[in-house]
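Structure file final_8.cif; described as mmCIF, C-alpha atoms and all ligand atoms.
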```cif
data_coords
loop_
_atom_site.label_atom_id
_atom_site.label_comp_id
_atom_site.auth_asym_id
_atom_site.auth_seq_id
_atom_site.Cartn_x
_atom_site.Cartn_y
_atom_site.Cartn_z
CA MET Y 1 -29.60 -71.97 65.35
CA GLN Y 2 -27.44 -71.60 68.41
CA ILE Y 3 -27.06 -73.87 71.38
CA GLU Y 4 -27.80 -72.22 74.69
CA LYS Y 5 -24.96 -72.11 77.19
CA TYR Y 6 -27.03 -73.54 80.02
CA LYS Y 7 -27.71 -76.68 77.97
CA LEU Y 8 -23.99 -77.30 77.67
CA GLU Y 9 -23.57 -76.65 81.37
CA GLU Y 10 -26.34 -79.10 82.24
CA HIS Y 11 -24.76 -81.72 80.02
CA ASN Y 12 -21.30 -81.15 81.48
CA HIS Y 13 -22.67 -81.27 84.97
CA SER Y 14 -24.36 -84.61 84.35
CA LEU Y 15 -21.08 -86.16 83.18
CA GLN Y 16 -18.73 -84.30 85.50
CA LYS Y 17 -18.18 -86.97 88.16
CA GLU Y 18 -17.43 -89.77 85.74
CA HIS Y 19 -15.23 -87.47 83.67
CA GLN Y 20 -13.23 -86.33 86.70
CA ARG Y 21 -12.46 -89.91 87.64
CA ARG Y 22 -11.25 -90.74 84.14
CA PHE Y 23 -9.30 -87.50 83.82
CA ASP Y 24 -7.54 -87.83 87.20
CA PHE Y 25 -6.46 -91.33 86.25
CA ILE Y 26 -4.64 -90.25 83.11
CA ALA Y 27 -3.50 -86.85 84.43
CA ALA Y 28 -1.53 -88.61 87.17
CA GLU Y 29 0.74 -90.10 84.51
CA ILE Y 30 1.50 -86.88 82.63
CA LYS Y 31 4.32 -84.54 83.64
CA ASP Y 32 2.94 -81.19 82.52
CA VAL Y 33 -0.74 -81.86 82.11
CA ASN Y 34 -1.71 -78.18 82.02
CA GLY Y 35 0.81 -77.48 79.26
CA LEU Y 36 -0.56 -80.37 77.27
CA LEU Y 37 -4.15 -79.24 77.78
CA GLN Y 38 -3.26 -75.76 76.60
CA LYS Y 39 -1.83 -77.21 73.39
CA LEU Y 40 -5.07 -79.11 72.86
CA ILE Y 41 -7.14 -76.00 73.54
CA ASP Y 42 -5.08 -73.98 71.05
CA PHE Y 43 -5.26 -76.58 68.29
CA GLN Y 44 -8.03 -75.62 65.85
CA VAL Y 45 -9.05 -77.51 62.74
CA ALA Y 46 -10.55 -75.59 59.81
CA ILE Y 47 -13.78 -76.87 58.28
CA PRO Y 48 -14.26 -76.61 54.52
CA SER Y 49 -17.43 -74.89 53.41
CA TRP Y 50 -18.29 -77.90 51.23
CA ALA Y 51 -18.40 -80.42 54.09
CA LEU Y 52 -21.66 -79.30 55.68
CA GLY Y 53 -23.83 -80.97 53.08
CA THR Y 54 -23.93 -84.67 52.28
CA GLY Y 55 -21.37 -85.43 49.63
CA GLY Y 56 -22.04 -87.42 46.51
CA THR Y 57 -20.27 -89.82 44.23
CA ARG Y 58 -20.38 -89.85 40.49
CA PHE Y 59 -23.25 -92.32 40.81
CA GLY Y 60 -25.50 -90.04 42.77
CA ARG Y 61 -26.13 -88.14 45.90
CA PHE Y 62 -28.45 -88.90 48.79
CA GLY Y 63 -28.88 -85.57 50.48
CA GLY Y 64 -30.25 -85.09 53.96
CA GLY Y 65 -32.64 -82.60 55.48
CA GLY Y 66 -31.77 -79.39 57.26
CA GLU Y 67 -28.54 -78.95 55.35
CA PRO Y 68 -27.30 -75.39 54.86
CA ARG Y 69 -28.70 -73.57 51.82
CA ASN Y 70 -26.17 -70.77 51.65
CA LEU Y 71 -22.87 -69.54 53.03
CA GLU Y 72 -24.52 -67.91 56.04
CA GLU Y 73 -26.05 -71.23 57.09
CA LYS Y 74 -22.77 -73.04 56.54
CA ILE Y 75 -21.09 -70.57 58.87
CA GLU Y 76 -23.86 -71.16 61.42
CA ASP Y 77 -23.30 -74.92 61.23
CA ILE Y 78 -19.58 -74.54 61.80
CA GLY Y 79 -20.37 -72.14 64.65
CA LEU Y 80 -22.47 -74.90 66.16
CA LEU Y 81 -19.68 -77.43 65.77
CA HIS Y 82 -17.27 -75.00 67.36
CA ALA Y 83 -19.61 -74.27 70.26
CA LEU Y 84 -19.71 -77.98 70.98
CA ASN Y 85 -16.06 -78.94 70.53
CA LYS Y 86 -14.20 -75.60 70.75
CA SER Y 87 -11.81 -76.98 68.16
CA SER Y 88 -13.33 -75.92 64.84
CA GLY Y 89 -12.65 -72.19 64.94
CA ALA Y 90 -12.04 -71.64 61.23
CA ILE Y 91 -13.73 -72.02 57.87
CA SER Y 92 -12.12 -72.60 54.49
CA LEU Y 93 -14.07 -71.24 51.53
CA HIS Y 94 -14.31 -72.68 48.09
CA ILE Y 95 -14.78 -70.24 45.23
CA PRO Y 96 -17.11 -70.15 43.35
CA TRP Y 97 -19.20 -72.54 45.44
CA ASP Y 98 -19.28 -70.08 48.32
CA ILE Y 99 -18.68 -66.56 47.15
CA PRO Y 100 -18.84 -64.04 50.02
CA GLU Y 101 -21.02 -61.48 48.21
CA ASN Y 102 -20.97 -59.09 51.14
CA ALA Y 103 -17.59 -59.54 52.80
CA SER Y 104 -18.15 -57.36 55.86
CA HIS Y 105 -21.45 -59.08 56.65
CA ILE Y 106 -19.87 -62.53 56.23
CA LYS Y 107 -16.90 -61.51 58.34
CA ALA Y 108 -19.14 -60.23 61.12
CA LEU Y 109 -21.22 -63.41 61.08
CA ALA Y 110 -18.09 -65.55 61.28
CA ALA Y 111 -16.76 -63.47 64.16
CA GLN Y 112 -20.08 -63.86 66.01
CA ASN Y 113 -19.59 -67.60 65.69
CA GLY Y 114 -15.97 -67.41 66.85
CA LEU Y 115 -14.61 -68.29 63.41
CA LYS Y 116 -11.66 -67.11 61.33
CA PHE Y 117 -11.08 -67.61 57.62
CA ASP Y 118 -8.55 -70.24 56.75
CA ALA Y 119 -7.16 -70.87 53.24
CA MET Y 120 -9.22 -69.88 50.20
CA ASN Y 121 -9.72 -72.68 47.64
CA SER Y 122 -9.88 -71.89 43.94
CA ASN Y 123 -11.65 -74.05 41.40
CA THR Y 124 -10.54 -74.56 37.83
CA PHE Y 125 -11.62 -78.19 37.76
CA GLN Y 126 -15.17 -77.43 36.65
CA ASP Y 127 -16.65 -75.14 34.07
CA GLN Y 128 -18.95 -72.57 35.63
CA SER Y 129 -22.04 -71.27 33.91
CA GLY Y 130 -21.23 -68.24 31.82
CA GLN Y 131 -17.54 -69.10 31.72
CA GLU Y 132 -15.95 -68.19 28.41
CA LEU Y 133 -13.41 -70.97 27.88
CA SER Y 134 -13.57 -74.60 28.95
CA TYR Y 135 -11.24 -76.48 31.29
CA LYS Y 136 -12.01 -79.78 29.58
CA PHE Y 137 -8.33 -80.16 28.66
CA GLY Y 138 -6.91 -78.56 31.77
CA SER Y 139 -6.56 -75.09 33.19
CA MET Y 140 -3.06 -73.90 34.11
CA GLN Y 141 -1.48 -76.55 31.89
CA HIS Y 142 -3.70 -75.78 28.91
CA VAL Y 143 -2.08 -75.48 25.47
CA ASP Y 144 -4.15 -72.34 24.81
CA LYS Y 145 -2.71 -69.29 26.57
CA ALA Y 146 -6.18 -67.74 26.77
CA VAL Y 147 -7.44 -70.62 28.95
CA ARG Y 148 -4.39 -70.32 31.18
CA LYS Y 149 -5.03 -66.60 31.54
CA GLN Y 150 -8.62 -67.25 32.56
CA ALA Y 151 -7.46 -69.73 35.24
CA VAL Y 152 -4.87 -67.27 36.54
CA ALA Y 153 -7.43 -64.47 36.67
CA HIS Y 154 -9.81 -66.71 38.65
CA ASN Y 155 -7.11 -67.42 41.24
CA ILE Y 156 -6.29 -63.74 41.57
CA GLU Y 157 -9.98 -63.04 42.12
CA VAL Y 158 -10.02 -65.70 44.87
CA ILE Y 159 -7.09 -63.94 46.56
CA LYS Y 160 -9.08 -60.69 46.47
CA TYR Y 161 -12.04 -62.32 48.20
CA GLY Y 162 -9.64 -63.76 50.76
CA VAL Y 163 -7.98 -60.42 51.48
CA GLU Y 164 -11.39 -58.98 52.36
CA LEU Y 165 -11.91 -61.80 54.86
CA ASP Y 166 -8.41 -61.73 56.39
CA SER Y 167 -7.51 -65.12 55.01
CA LYS Y 168 -3.78 -65.63 54.51
CA ALA Y 169 -3.50 -68.46 52.00
CA LEU Y 170 -4.63 -69.59 48.59
CA SER Y 171 -5.01 -73.32 48.21
CA VAL Y 172 -4.69 -74.62 44.65
CA TRP Y 173 -5.73 -78.06 43.55
CA LEU Y 174 -5.71 -78.70 39.82
CA SER Y 175 -7.35 -81.61 38.13
CA ASP Y 176 -5.03 -81.01 35.16
CA GLY Y 177 -3.46 -84.02 33.54
CA SER Y 178 -4.26 -86.49 30.82
CA ASN Y 179 -6.52 -89.48 30.40
CA PHE Y 180 -4.54 -91.24 27.69
CA PRO Y 181 -0.88 -91.73 26.74
CA GLY Y 182 0.16 -89.23 24.12
CA GLN Y 183 -2.56 -86.75 25.04
CA LEU Y 184 -0.08 -84.17 26.27
CA ASN Y 185 3.57 -83.42 26.55
CA MET Y 186 4.29 -83.88 30.23
CA ARG Y 187 7.20 -81.46 30.40
CA GLY Y 188 5.23 -78.85 28.50
CA ALA Y 189 2.26 -79.28 30.84
CA PHE Y 190 4.49 -78.86 33.86
CA GLU Y 191 6.21 -75.77 32.47
CA ARG Y 192 2.95 -74.10 31.54
CA THR Y 193 1.57 -74.87 35.00
CA LEU Y 194 4.66 -73.33 36.59
CA GLU Y 195 4.32 -70.22 34.45
CA SER Y 196 0.65 -69.83 35.41
CA LEU Y 197 1.43 -70.33 39.09
CA GLN Y 198 4.21 -67.75 38.82
CA GLU Y 199 1.69 -65.16 37.67
CA ILE Y 200 -0.52 -65.99 40.64
CA TYR Y 201 2.47 -65.89 42.96
CA GLU Y 202 3.23 -62.36 41.77
CA ALA Y 203 -0.26 -61.30 42.84
CA LEU Y 204 0.05 -62.76 46.35
CA PRO Y 205 0.16 -60.22 49.19
CA ASP Y 206 3.41 -60.34 51.18
CA ASP Y 207 1.86 -62.03 54.18
CA TRP Y 208 0.11 -64.68 52.09
CA LYS Y 209 1.08 -68.21 51.10
CA VAL Y 210 0.09 -70.34 48.15
CA TRP Y 211 -0.43 -74.02 48.91
CA VAL Y 212 0.09 -76.46 46.07
CA GLU Y 213 -1.94 -79.64 46.51
CA TYR Y 214 -1.03 -82.85 44.69
CA LYS Y 215 -3.10 -85.87 43.72
CA PRO Y 216 -2.05 -88.91 41.68
CA TYR Y 217 -5.24 -89.54 39.69
CA GLU Y 218 -8.89 -88.63 39.20
CA PRO Y 219 -10.45 -87.12 37.19
CA ASN Y 220 -7.47 -87.75 34.93
CA PHE Y 221 -6.48 -91.40 34.90
CA TYR Y 222 -3.23 -91.54 32.97
CA SER Y 223 -1.21 -88.61 34.32
CA THR Y 224 -1.82 -85.78 36.72
CA THR Y 225 0.32 -82.69 36.23
CA ILE Y 226 0.79 -82.18 39.98
CA GLY Y 227 0.64 -85.87 40.81
CA ASP Y 228 2.81 -86.32 43.86
CA TRP Y 229 4.78 -84.47 46.51
CA GLY Y 230 7.87 -84.37 44.32
CA GLN Y 231 6.07 -82.46 41.60
CA SER Y 232 4.44 -80.15 44.11
CA TYR Y 233 7.74 -79.60 45.89
CA LEU Y 234 9.43 -78.82 42.59
CA LEU Y 235 6.79 -76.21 41.82
CA SER Y 236 6.81 -74.68 45.28
CA SER Y 237 10.63 -74.53 45.29
CA LYS Y 238 10.72 -72.82 41.91
CA LEU Y 239 7.99 -70.39 42.95
CA GLY Y 240 9.68 -69.22 46.13
CA GLN Y 241 9.29 -68.88 49.88
CA LYS Y 242 5.60 -68.10 49.86
CA ALA Y 243 4.79 -71.41 48.14
CA GLN Y 244 4.49 -74.70 49.99
CA THR Y 245 3.15 -78.20 49.48
CA LEU Y 246 -0.24 -79.24 50.78
CA VAL Y 247 -0.77 -82.86 51.80
CA ASP Y 248 -4.24 -84.33 51.40
CA LEU Y 249 -4.15 -87.69 53.15
CA GLY Y 250 -6.28 -89.34 50.45
CA HIS Y 251 -4.03 -88.25 47.60
CA HIS Y 252 -1.52 -91.09 47.63
CA LEU Y 253 -1.27 -94.45 46.00
CA GLN Y 254 -1.69 -97.40 48.30
CA GLY Y 255 1.15 -98.19 50.64
CA VAL Y 256 2.88 -94.82 50.34
CA ASN Y 257 4.60 -93.78 53.56
CA ILE Y 258 2.86 -90.45 54.15
CA GLU Y 259 4.61 -89.82 57.47
CA GLN Y 260 7.97 -89.86 55.72
CA ILE Y 261 6.77 -87.33 53.13
CA VAL Y 262 5.49 -85.11 55.91
CA SER Y 263 8.72 -85.37 57.86
CA LEU Y 264 10.88 -84.28 54.91
CA LEU Y 265 8.60 -81.46 53.78
CA LEU Y 266 8.65 -80.14 57.32
CA MET Y 267 12.44 -80.39 57.42
CA GLU Y 268 12.61 -78.24 54.29
CA GLY Y 269 10.10 -75.66 55.57
CA LYS Y 270 7.83 -76.65 52.67
CA LEU Y 271 4.92 -78.25 54.49
CA ALA Y 272 1.92 -75.98 54.00
CA GLY Y 273 -0.59 -78.08 55.84
CA PHE Y 274 -3.15 -80.81 55.57
CA HIS Y 275 -6.40 -81.86 54.13
CA PHE Y 276 -7.39 -84.52 56.64
CA ASN Y 277 -9.57 -87.46 55.69
CA ASP Y 278 -9.22 -91.22 55.63
CA SER Y 279 -9.31 -93.78 52.88
CA LYS Y 280 -9.15 -97.46 52.15
CA TYR Y 281 -8.56 -97.32 48.41
CA GLY Y 282 -7.92 -93.85 47.02
CA ASP Y 283 -9.35 -90.37 47.45
CA ASP Y 284 -12.23 -91.81 49.46
CA ASP Y 285 -12.70 -88.68 51.62
CA LEU Y 286 -13.92 -90.75 54.56
CA THR Y 287 -14.17 -89.56 58.15
CA VAL Y 288 -10.71 -88.91 59.60
CA GLY Y 289 -9.51 -91.86 61.68
CA SER Y 290 -12.26 -94.19 60.50
CA ILE Y 291 -10.00 -96.59 58.59
CA ASN Y 292 -6.41 -96.20 59.71
CA PRO Y 293 -6.02 -94.24 62.94
CA TYR Y 294 -2.52 -95.64 63.52
CA GLN Y 295 -1.25 -94.02 60.35
CA LEU Y 296 -2.73 -90.73 61.50
CA PHE Y 297 -0.91 -91.11 64.81
CA LEU Y 298 2.38 -91.84 63.01
CA ILE Y 299 1.90 -88.70 60.91
CA PHE Y 300 1.31 -86.63 64.04
CA ASN Y 301 4.30 -88.22 65.66
CA GLU Y 302 6.49 -86.90 62.81
CA LEU Y 303 4.74 -83.55 62.96
CA VAL Y 304 5.21 -83.02 66.68
CA GLU Y 305 8.82 -84.18 66.57
CA GLY Y 306 9.58 -82.11 63.47
CA MET Y 307 7.83 -78.96 64.64
CA ASP Y 308 9.53 -79.13 68.03
CA ALA Y 309 12.91 -79.59 66.33
CA ARG Y 310 12.29 -76.38 64.36
CA GLY Y 311 10.77 -74.48 67.29
CA MET Y 312 7.43 -74.12 65.54
CA THR Y 313 4.15 -73.37 67.32
CA HIS Y 314 1.97 -76.41 66.73
CA ALA Y 315 -1.36 -74.65 66.40
CA THR Y 316 -0.41 -71.88 64.01
CA SER Y 317 2.64 -72.84 61.93
CA ILE Y 318 0.77 -75.24 59.68
CA GLY Y 319 -2.66 -75.27 58.05
CA TRP Y 320 -4.91 -77.89 59.64
CA MET Y 321 -7.98 -78.56 57.63
CA ILE Y 322 -10.50 -81.32 56.99
CA ASP Y 323 -11.29 -82.29 53.41
CA ALA Y 324 -13.81 -85.08 53.75
CA SER Y 325 -17.22 -85.62 52.31
CA HIS Y 326 -19.37 -88.67 51.80
CA ASN Y 327 -22.70 -90.24 51.45
CA VAL Y 328 -24.21 -91.70 54.56
CA LYS Y 329 -23.62 -89.76 57.77
CA ASP Y 330 -25.09 -86.58 59.16
CA PRO Y 331 -22.38 -84.09 58.06
CA ILE Y 332 -22.17 -82.37 61.45
CA GLU Y 333 -21.82 -85.66 63.31
CA ASP Y 334 -19.23 -86.74 60.77
CA LEU Y 335 -17.21 -83.56 61.33
CA LEU Y 336 -17.39 -83.98 65.10
CA GLN Y 337 -15.88 -87.43 64.63
CA SER Y 338 -13.17 -86.16 62.27
CA VAL Y 339 -12.06 -83.33 64.54
CA GLU Y 340 -12.02 -85.70 67.51
CA ALA Y 341 -9.87 -88.22 65.59
CA ILE Y 342 -7.36 -85.52 64.63
CA LYS Y 343 -7.03 -84.30 68.18
CA ILE Y 344 -6.75 -87.82 69.56
CA ALA Y 345 -3.81 -88.48 67.23
CA TYR Y 346 -2.26 -85.14 68.19
CA ALA Y 347 -2.64 -85.81 71.94
CA GLN Y 348 -1.15 -89.29 71.56
CA ALA Y 349 1.81 -87.85 69.66
CA LEU Y 350 2.33 -85.35 72.49
CA LEU Y 351 2.58 -88.29 74.87
CA VAL Y 352 5.43 -89.99 73.02
CA ASP Y 353 8.46 -90.23 75.29
CA THR Y 354 10.84 -88.49 72.89
CA PRO Y 355 14.10 -88.79 74.87
CA ALA Y 356 13.47 -92.52 75.35
CA LEU Y 357 12.72 -92.91 71.63
CA VAL Y 358 15.92 -91.07 70.69
CA GLN Y 359 17.84 -93.41 72.98
CA ALA Y 360 16.18 -96.51 71.50
CA GLN Y 361 17.05 -95.30 68.00
CA GLN Y 362 20.60 -94.62 69.08
CA ASP Y 363 20.85 -98.15 70.47
CA ASN Y 364 19.18 -99.69 67.43
CA ASP Y 365 16.69 -101.10 69.90
CA VAL Y 366 13.87 -101.66 67.45
CA VAL Y 367 11.65 -103.47 69.92
CA GLN Y 368 11.86 -100.65 72.44
CA ALA Y 369 11.17 -98.04 69.75
CA GLN Y 370 7.95 -99.82 68.82
CA GLU Y 371 6.99 -100.17 72.49
CA ILE Y 372 7.40 -96.43 73.01
CA LEU Y 373 5.29 -95.47 70.02
CA GLN Y 374 2.57 -97.99 70.72
CA HIS Y 375 2.43 -97.14 74.40
CA ALA Y 376 1.43 -93.61 73.40
CA TYR Y 377 -0.92 -94.83 70.66
CA ARG Y 378 -2.72 -97.21 72.99
CA THR Y 379 -3.29 -94.60 75.67
CA ASP Y 380 -6.91 -93.54 75.90
CA VAL Y 381 -6.47 -89.77 75.63
CA ARG Y 382 -10.17 -88.99 75.32
CA PRO Y 383 -10.44 -87.68 78.92
CA LEU Y 384 -7.68 -85.17 78.05
CA LEU Y 385 -9.63 -83.96 75.03
CA ALA Y 386 -12.79 -83.73 77.13
CA GLU Y 387 -11.01 -81.73 79.81
CA ALA Y 388 -9.58 -79.35 77.19
CA ARG Y 389 -13.09 -78.84 75.79
CA LEU Y 390 -14.49 -78.26 79.26
CA ARG Y 391 -11.85 -75.62 80.04
CA ALA Y 392 -12.50 -73.93 76.70
CA GLY Y 393 -16.25 -73.77 77.35
CA GLY Y 394 -17.35 -76.65 75.12
CA ALA Y 395 -19.12 -79.94 75.79
CA LEU Y 396 -17.67 -82.97 77.53
CA ASN Y 397 -19.28 -85.12 74.87
CA PRO Y 398 -20.26 -83.06 71.78
CA LEU Y 399 -21.96 -85.89 69.93
CA THR Y 400 -24.20 -86.70 72.88
CA VAL Y 401 -25.30 -83.07 73.16
CA TYR Y 402 -25.92 -82.89 69.41
CA ARG Y 403 -28.18 -85.93 69.59
CA GLN Y 404 -29.90 -85.20 72.90
CA GLN Y 405 -30.74 -81.67 71.79
CA THR Y 406 -32.14 -83.05 68.51
CA ILE Y 407 -30.20 -80.41 66.63
CA ARG Y 408 -30.68 -81.97 63.19
CA GLN Y 409 -34.44 -82.03 63.71
CA GLN Y 410 -34.37 -78.35 64.61
CA LEU Y 411 -32.33 -77.60 61.51
CA ILE Y 412 -34.88 -79.53 59.44
CA ASN Y 413 -37.69 -77.50 61.03
CA GLU Y 414 -35.83 -74.29 60.19
CA ARG Y 415 -34.56 -75.12 56.74
CA GLY Y 416 -36.79 -77.86 55.44
CA ALA Y 417 -36.52 -81.60 54.98
CA LYS Y 418 -35.67 -81.43 51.31
CA ALA Y 419 -32.06 -82.00 50.38
CA VAL Y 420 -30.33 -79.03 48.74
CA SER Y 421 -27.72 -79.40 46.06
CA THR Y 422 -24.11 -78.61 46.88
CA GLY Y 423 -21.07 -77.92 44.77
CA LEU Y 424 -19.87 -81.48 44.88
C1 LIG Y 501 -10.11 -82.59 45.35
C2 LIG Y 501 -9.09 -82.00 46.30
C3 LIG Y 501 -9.38 -80.58 46.67
C4 LIG Y 501 -10.83 -80.33 46.94
C5 LIG Y 501 -11.69 -80.93 45.85
C6 LIG Y 501 -13.15 -80.73 46.15
O1 LIG Y 501 -9.97 -83.96 45.25
O2 LIG Y 501 -9.00 -82.79 47.46
O3 LIG Y 501 -8.66 -80.22 47.82
O4 LIG Y 501 -11.00 -78.94 46.92
O5 LIG Y 501 -11.42 -82.29 45.73
MN MN Y 502 -7.99 -81.87 49.23
MN MN Y 503 -9.38 -85.04 47.34
#
```
Any chance you could put this one into structure tokens?
Amino acid sequence: MQIEKYKLEEHNHSLQKEHQRRFDFIAAEIKDVNGLLQKLIDFQVAIPSWALGTGGTRFGRFGGGGEPRNLEEKIEDIGLLHALNKSSGAISLHIPWDIPENASHIKALAAQNGLKFDAMNSNTFQDQSGQELSYKFGSMQHVDKAVRKQAVAHNIEVIKYGVELDSKALSVWLSDGSNFPGQLNMRGAFERTLESLQEIYEALPDDWKVWVEYKPYEPNFYSTTIGDWGQSYLLSSKLGQKAQTLVDLGHHLQGVNIEQIVSLLLMEGKLAGFHFNDSKYGDDDLTVGSINPYQLFLIFNELVEGMDARGMTHATSIGWMIDASHNVKDPIEDLLQSVEAIKIAYAQALLVDTPALVQAQQDNDVVQAQEILQHAYRTDVRPLLAEARLRAGGALNPLTVYRQQTIRQQLINERGAKAVSTGL
């Protein structure tokens, strides 16, 4: 389904007066408000094809009605999101969960919905039906060369799908590792993984990147072969310029300073991008900003400072993607919240008084440094986001429109109330 333009206009009109008052109040404090708004308009967050259905845990899944039954419907859902918030203009496909059987048709449908194709995600963490060899003991790290070859071939196939869709990156997350001490030789596992990735790297088109994602545990609980940013950085350095490290916010042990990792990867030109989500314990994949929005702000603070120092364009130099999925919310509402949280953190980071912060650091004025950061963090930037959406043709309040227009009910009418199964 599509949302009619006049409905958005009616909604915007009904909130316009109140919005203008709130916007004028904050705009008066900002030096180049139009420049800032343009950055917000340009900043797009890619939506993974697996986030449109209710996620599950290993204990079960409680699906909802009206969820997309195929790739076409997933694209339509993201198109809907994008029509509302004008900030979700890209989709990231997972192969083989969402194989684009007819690439030109899928491309045309995406274009109709204003969407581009972000990174392609490969999958060697599950066995697929009809697959010859099993990944039970790993894929690219496997002791059997034949299994490694199969994993490499899969990744090269994913690149081929991506080329047809004008994607420019392959995102690799491996579940490879070991569950028990002694199960594998760690150096051997690393070297075999490197060798496999090298073969994939050779197959990358010149204008492509390969993003190496790390994760400390799960489904392997003793060691993970690409377990942290150091191991990913080592691989991406050995591979070459087209390889970079991907940071999934949920893939760290508790207490790790993610903003510091981000800052250094950026300094080295090795930060591929993000899988945004939030977590309290581990890879919880919760709605972005739902648990620790201050950490998200601190990450964006490093990003904005680091990208500006290197003269990078915020919107396009790095891959911005959501990787969240869970049990209890309407997936579209959840994604609206996640995108909003990301852009709030970004807008707050844009408000940081950088010269004053540099001075405070120079003076070792710790109190002032904290004041500067928290002044930006405590600013209610939501009217700025709303204004950016308005100028881009979206809704002042996307969630309100989604609910008032009973969009989920319409999707249920169209697609049925029965939950469909997803890849996860
Ligand atoms: C992993 C990792 C990958 C994602 C899969 C579904 O934990 O975050 O990025 O593709 O989950
Ligand atoms: Mn991820
Ligand atoms: Mn994850």
Test item: residues lying within 7 Å of ligand LIG 501 (chain Y) with only C-alpha atoms and all ligand atoms, as a list in words
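Here is the list of contacting residues: Asn121, Trp173, Glu213, Asp248, His275, Asp283, Asp323 and Leu424 of chain Y.
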Can you pull out every residue with an atom within 12 Å of ligand MN 502 (chain Y)? Use only C-alpha atoms and all ligand atoms and format it as a ChimeraX atom specification.
/Y:47-48,50-51,92,94,119,121-123,171-175,211-216,245-252,273-278,283-286,320-325
Atom pair CA of Phe43 in chain Y / CA of Lys209 in chain Y: separation (Å)
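Spanning CA of Phe43 in chain Y to CA of Lys209 in chain Y is a straight-line distance of 20.1 Å.
Distance annotation: of Y:Leu165, Y:Gly63, Y:Thr313, Y:Ala151, the residue with the minimal separation from His105 in chain Y is Y:Leu165; atom set is only C-alpha atoms.
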Excluding Gly182 in chain Y and its own-chain neighbours fewer than 4 positions away, which residues fall within 10 Å of it when counting all atoms listed in the file? Please give them as an MDAnalysis selection string.
chainID Y and resid 178 186 222
Would you mind exporting the chosen residues as a compact mmCIF listing (two decimals), in the coordinates of the input, restricted to C-alpha atoms?
```
# COMPACT_ATOMS: atom_id res chain seq x y z
CA SER Y 178 -4.26 -86.49 30.82
CA MET Y 186 4.29 -83.88 30.23
CA TYR Y 222 -3.23 -91.54 32.97
```
Restricting to only C-alpha atoms, whichever of Y:Phe117, Y:Phe25, Y:Phe190, Y:Phe125 is closest to Gln141 in chain Y is Y:Phe190
Please identify all polymer residues within 9 Å of Asn85 in chain Y, counting all atoms listed in the file, omitting same-chain residues fewer than 3 positions from it, and present them as number ranges by chain.
Y: 80-82, 88, 336, 339-340, 386, 389-390, 392-398
Considering only C-alpha atoms and all ligand atoms, state which residue in the set Y:Thr354, Y:Asn301, Y:Gln362, Y:Ser279 is at the smallest distance from ligand MN 503 (chain Y).
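Smallest distance to ligand MN 503 (chain Y) is found for Y:Ser279.
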Within 9 Å of (-19.3, -67.9, 62.7), all atoms listed in the file: residues as a list in words?
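Final list of nearby residues, as requested, is Glu72, Lys74, Ile75, Glu76, Asp77, Ile78, Gly79, Leu80, His82, Gly89, Ala90, Ile91, Ile106, Lys107, Ala108, Leu109, Ala110, Ala111, Gln112, Asn113, Gly114, Leu115 and Lys116 of chain Y.
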Hey, what's within 8 Å of Tyr135 in chain Y if we count only C-alpha atoms and toss same-chain stuff fewer than 6 positions away? As a list of chain:residue names, please?
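These residues fall inside the cut-off: Y:Thr124, Y:Phe125, Y:Gln126, Y:Asp127, Y:His142, Y:Val147.
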Between CA of Glu259 in chain Y and CA of Gln295 in chain Y, what is the spacing in Å?
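Straight-line distance from CA of Gln295 in chain Y to CA of Glu259 in chain Y works out to 7.8 Å.
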Select, from Y:Gly227, Y:Phe23, Y:Leu197, Y:Leu335, the residue with the minimum atom-to-atom distance to ligand MN 503 (chain Y), counting all atoms listed in the file.
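Comparing Y:Gly227, Y:Phe23, Y:Leu197, Y:Leu335 against ligand MN 503 (chain Y), the winner is Y:Gly227.
For range 29-39 of chain Y, the residues within 8 Å (counting all atoms listed in the file, excluding itself and residues fewer than 4 positions away along the chain) are Phe25, Phe43, His314, Ala315, Ala347, Leu350, Leu351, Leu384, Leu385, Glu387 and Ala388 of chain Y.
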